[in-house]
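Each remark here refers to the structure printed beneath this line.
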Amino acid sequence: MTPRSVVGVMPARLMDPTAAPDWRLVRLGRGIMETLIQQLINGLVIGSVYALIALGYTMVYGILGLINFAHGDVLMVGALVALQTMTFLMGMAPGMSPLVMLSIALLVAIVVCMLLGFTMERLAYRRLRNAPRLAPLITAIGVSFLLQTIAMIIWGRNYHTYPQLISTTPLQPIEGVFITPVQITIIFGSAALMIGLLLLVNRTKIGRAMRATAENHRVASLMGVDTNAVIAFTFVIGAGLAAVAGVMFASNYGIAHYGMGFMPGLKAFTAAVLGGIGNLGGAMLGGLVLGVVESFGAGYIENLTFGFLNSSYQDIFAFLILGLVLIFRPTGLLGERVSDRA
Amino acid sequence: MNELAAAVPWLGKRNPLAARWLIIILAITAPLVAWQFGKSWVRILDFALLYMLLAMGLNLVVGFAGLLDLGYIAFYAVGAYTFAFLASPHFDVHLPFWTILPLGAGFAAMAGIMLGFPVLRLRGDYLAIVTLGFGEIVRIFMLNLNYPVNITNGPQGINMIDPINLFGWDLSRNLQIGENFSINSLFLYYYFFLLAVAGSIVFVHRLQISRVGRAWAAMRDDELAAKAIGINTRNMKLLAFSLGATFGGLSGCLFGAFQGFVSPESFSLMESIAVLTMVVFGGMGNIAGALVGAFVLALLPEILRDVAVPLQQTLFGHVLLDPEVLRMLLLSLAMILMMLLRPAGLIPARARYSHDHHLSNKLKQEAAK
């Protein structure tokens with residue numbers, strides 16, 4: 001499978017001049033049903049990555065009412081740190097098994113991103129908790145661009161090919177439908193992480209503290225919850241999930257870049273809003289729905305618009321969905337929170 | 001103007017009139033000084049003036065009305081592309097400048113209303129993200145509308161755009177006076193843009209102290225209370241969006257004509273953020289703040305480019321941070337540090353009422369009525 005538009009900032013043709021949009025390959029000489037299933041699978045794969053990122057947004061939003069604009073860039077840092085680690089390991093221990101290598105890289109990326117999330121909260125957002133409403137958001141935008149710039153300084157402007165430690169040879173579970181082992185790993189890995197997160201939030205003590213803080217800061221702190229620690233913990237968990245999502249995203253498309261976090265970040269935010277922001281289940285559902293809609297949209301837009309628009313417009317769907325949801329159902333699919341929290 | 005004069009250090013508080021004249025003289029002589037350092041500096045000043053126009057427009061939306069718009073550059077793009085469509089060999093249409101200018105502004109205003117309607121109910125951060133999405137959609141269309149019908153010429157952009165032509169006076173030609181004295185076209189553009197900025201200052205200032213401006217301020221500070229005292233917040237929001245967009249469209253037209261070339265690259269999210277940083281850096285809700293912010297943040301990267309690159313070469317032997325990286329670093333740090341240390345900006349808006357006699361008198365009169 002050839003990588004399609006990886007990040008919104010870069011048209012697919014710049015990345016690989018010979019790459020045809022894969023839905024075209026998919027459609028040639030195959031039945032409608034196979035195409036449909038293929039789009040569904042592609043959508044679910046990317047959707048589960050969106051869901052993982054969306055969880056970070058939704059947790060922070062639920063607790064602080066802040067859109068952590070820099071969340072997408074944490075993902076980018078995760079992907080690039082993992083890449084760096086893998087390159088280092090390949091040089092140091094060429095004989096290492098790919099799975100061990102991937103696990104180490106993942107671990108390093110998670111730790112770095114968690115530290116990053118902690119630092120961001122501590123240095124930038126904590127001071128602004130009671131500031132006028134635009135201040136934290138503007139700071140978050142600043143942090144996002146700062147991260148991108150730092151990544152640009154460290155890793156340069158080039159697109160890096162991402163090592164495929166898990167095989168990308170497509171399997172054919174059904175005749176004419178392809179799925180790669182990477183994609184299978186992504187789906188199951190993110191499902192496991194999501195279940196873990198739900199258990200953490202619903203079954204553990206810190207989870208209860210998180211829910212209490214989200215409900216009401218002051219009362220929670222009166223009940224003996226260290227809200228500062230809880231908020232920091234939320235950022236750290238979100239950043240860890242973003243690191244994993246970053247590695248998944250980069251592995252799926254086989255490419256990494258300093259600006260790669262922006263589009264998935266935005267889309268994951270859309271997913272969080274779609275599902276109902278502040279709601280964990282909603283973020284998961286929203287991510288999957290968004291992934292599938294996007295995949296179908298990119299696949300069928302050319303037919304629907306009689307060839308006027310093509311799959312380079314696929315990034316538009318996320319924004320359209322975002323706009324429509326906010327206008328018609330601001331609480332999202334599962335949410336009950338009001339939308340106009342400042 | 002009063003605000004700007006008051007912002008002059010030392011002199012501003014003691015002798016506002018002198019400060020005012022100082023600013024005017026500085027504004028007029030600036031390109032002459034810049035010329036001493038090279039032609040490109042005059043060009044940079046021209047761009048700084050365009051950024052000032054943009055910052056003033058965005059300040060209307062963000063600072064006055066309190067609506068955080070992250071897709072502002074889309075209106076700039078609408079203006080620039082309108083100019084490019086109507087005055088270039090691309091479609092082989094060459095309308096006169098004075099026809100295109102209102103068209104560009106009008107289209108941008110329409111785009112502003114189109115964006116404004118669906119997002120009326122949104123506030124704060126949601127609004128920011130949706131406007132960001134709007135900006136991205138506009139950019140995606142600019143990039144891809146070269147197929148199947150070539151409208152925008154895709155990533156290559158449109159070039160050979162007609163220069164500004166004021167009733168037969170072509171600004172892109174050096175003005176020849178006598179035998180051996182000529183004024184470079186960059187100066188002509190500078191003074192033309194300066195006029196535009198001056199006009200906008202007057203307009204925005206009048207707007208700010210008008211009923212509309214005060215309605216915006218009320219809406220920004222408390223939307224519910226504003227509604228309760230009878231302000232039609234829907235119309236006020238739409239007005240803010242469309243007026244802000246008009247400014248974007250106008251400066252877009254000027255940009256297209258001045259640069260002679262437009263491409264989607266000039267209208268990336270980074271530019272929206274850059275203009276926002278200018279407003280934030282200078283001080284939201286404050287004309288002088290927007291102007292100073294735009295001026296400083298348009299000039300500083302260029303100065304850095306001139307200073308930092310040779311400096312790095314002598315220090316490390318090669319260029320470690322290229323100018324574009326430096327610009328991003330500067331803008332993002334400016335945004336974060338400003339919010340953390342001085343959230344009201346370089347020139348805080350609150351100081352306005354203390355020295356603006358015209359406004360305070362007017363407010364007193366209104367109160368007396």
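Residues are referred to by chain and number: the chain letter is A, B, ... according to the order shown in the structure tokens, the number counts from 1 in that chain, and ligands are numbered separately from 1 in the order shown.
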Looking only at the backbone, which of the residues in segment 82-188 of chain A does DSSP tag as strand (DSSP E), as an MDAnalysis selection string? chainID A and resid 160:161 171:174 177:179
Would you export the selected residues with N, CA and C atoms as an mmCIF file, in the first residue's frame, please?
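This is the output file result.cif:
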```
data_model
loop_
_atom_site.group_PDB
_atom_site.id
_atom_site.type_symbol
_atom_site.label_atom_id
_atom_site.label_comp_id
_atom_site.auth_asym_id
_atom_site.auth_seq_id
_atom_site.Cartn_x
_atom_site.Cartn_y
_atom_site.Cartn_z
ATOM 1 N N HIS A 160 11.443 12.168 7.212
ATOM 2 C CA HIS A 160 12.249 10.999 7.529
ATOM 3 C C HIS A 160 11.442 9.741 7.219
ATOM 4 N N THR A 161 12.084 8.773 6.585
ATOM 5 C CA THR A 161 11.395 7.496 6.401
ATOM 6 C C THR A 161 11.372 6.780 7.737
ATOM 7 N N LEU A 171 -1.707 -8.560 4.179
ATOM 8 C CA LEU A 171 -2.361 -9.867 4.228
ATOM 9 C C LEU A 171 -3.708 -9.726 3.535
ATOM 10 N N GLN A 172 -4.240 -10.854 3.122
ATOM 11 C CA GLN A 172 -5.559 -10.799 2.487
ATOM 12 C C GLN A 172 -6.529 -11.693 3.245
ATOM 13 N N PRO A 173 -7.163 -11.153 4.273
ATOM 14 C CA PRO A 173 -8.112 -11.986 5.006
ATOM 15 C C PRO A 173 -9.305 -12.363 4.126
ATOM 16 N N ILE A 174 -9.730 -11.416 3.303
ATOM 17 C CA ILE A 174 -10.792 -11.691 2.335
ATOM 18 C C ILE A 174 -10.178 -11.410 0.977
ATOM 19 N N VAL A 177 -9.223 -7.728 -0.176
ATOM 20 C CA VAL A 177 -9.156 -6.760 0.916
ATOM 21 C C VAL A 177 -7.808 -6.926 1.600
ATOM 22 N N PHE A 178 -7.093 -5.815 1.770
ATOM 23 C CA PHE A 178 -5.737 -5.907 2.306
ATOM 24 C C PHE A 178 -5.657 -5.291 3.689
ATOM 25 N N ILE A 179 -4.886 -5.926 4.545
ATOM 26 C CA ILE A 179 -4.581 -5.312 5.832
ATOM 27 C C ILE A 179 -3.164 -5.720 6.214
#
```
List the neighbours of Leu188 of chain B out to 7 Å using only C-alpha atoms; skip same-chain residues closer than 4 positions along the sequence, and give me the result as a VMD selection string. chain B and resid 171 184 192
Dump of C-alpha atoms for the selected residues, as a compact mmCIF listing (two decimals), in the first residue's frame:
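again33.txt was written with the following content:
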```txt
# COMPACT_ATOMS: atom_id res chain seq x y z
CA LEU B 171 3.67 52.89 -8.63
CA ASN B 184 12.41 54.61 -6.23
CA PHE B 192 0.90 54.87 -0.46
```
Using DSSP on the backbone, list every residue of segment 59-202 of chain A that comes out as helix (DSSP H, G or I), and give them as a PyMOL selection string. chain A and resi 59-64+71-92+98-128+134-155+181-202
Tell me the residues of chain B close to chain A, meaning within 7 Å using only C-alpha atoms, as a list in words. Pro118, Leu122, Arg123, Gly124, Asp125, Val130, Gly133, Ile137, Ile140, Pro148, Leu321, Val325, Met328, Leu329, Ser332, Leu333, Met335, Ile336 and Met339 of chain B
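With atom CA of Thr234 of chain A on one side and atom CA of Ala54 of chain A on the other, the separation reads 13.2 Å.
Taking atom CA of Thr58 of chain A and atom CA of Asn279 of chain A as the two end points, the separation is 6.5 Å.
One finds atom CA of Phe188 of chain A at 23.2 Å from atom CA of Leu334 of chain A.
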Can you pull out the residues contacting Leu107 of chain A? Cut-off 10 Å, using only C-alpha atoms, and skip same-chain residues under 2 positions away; I want them as an MDAnalysis selection string. chainID A and resid 78 82 85 101:105 109:113 240 243:244
Might you pull out every residue within 12 Å of Asn232 of chain B, with only C-alpha atoms counted and same-chain residues fewer than 3 positions away left off, and present them as an MDAnalysis selection string? chainID B and resid 120 211:212 215:216 218:219 223:229 235:239
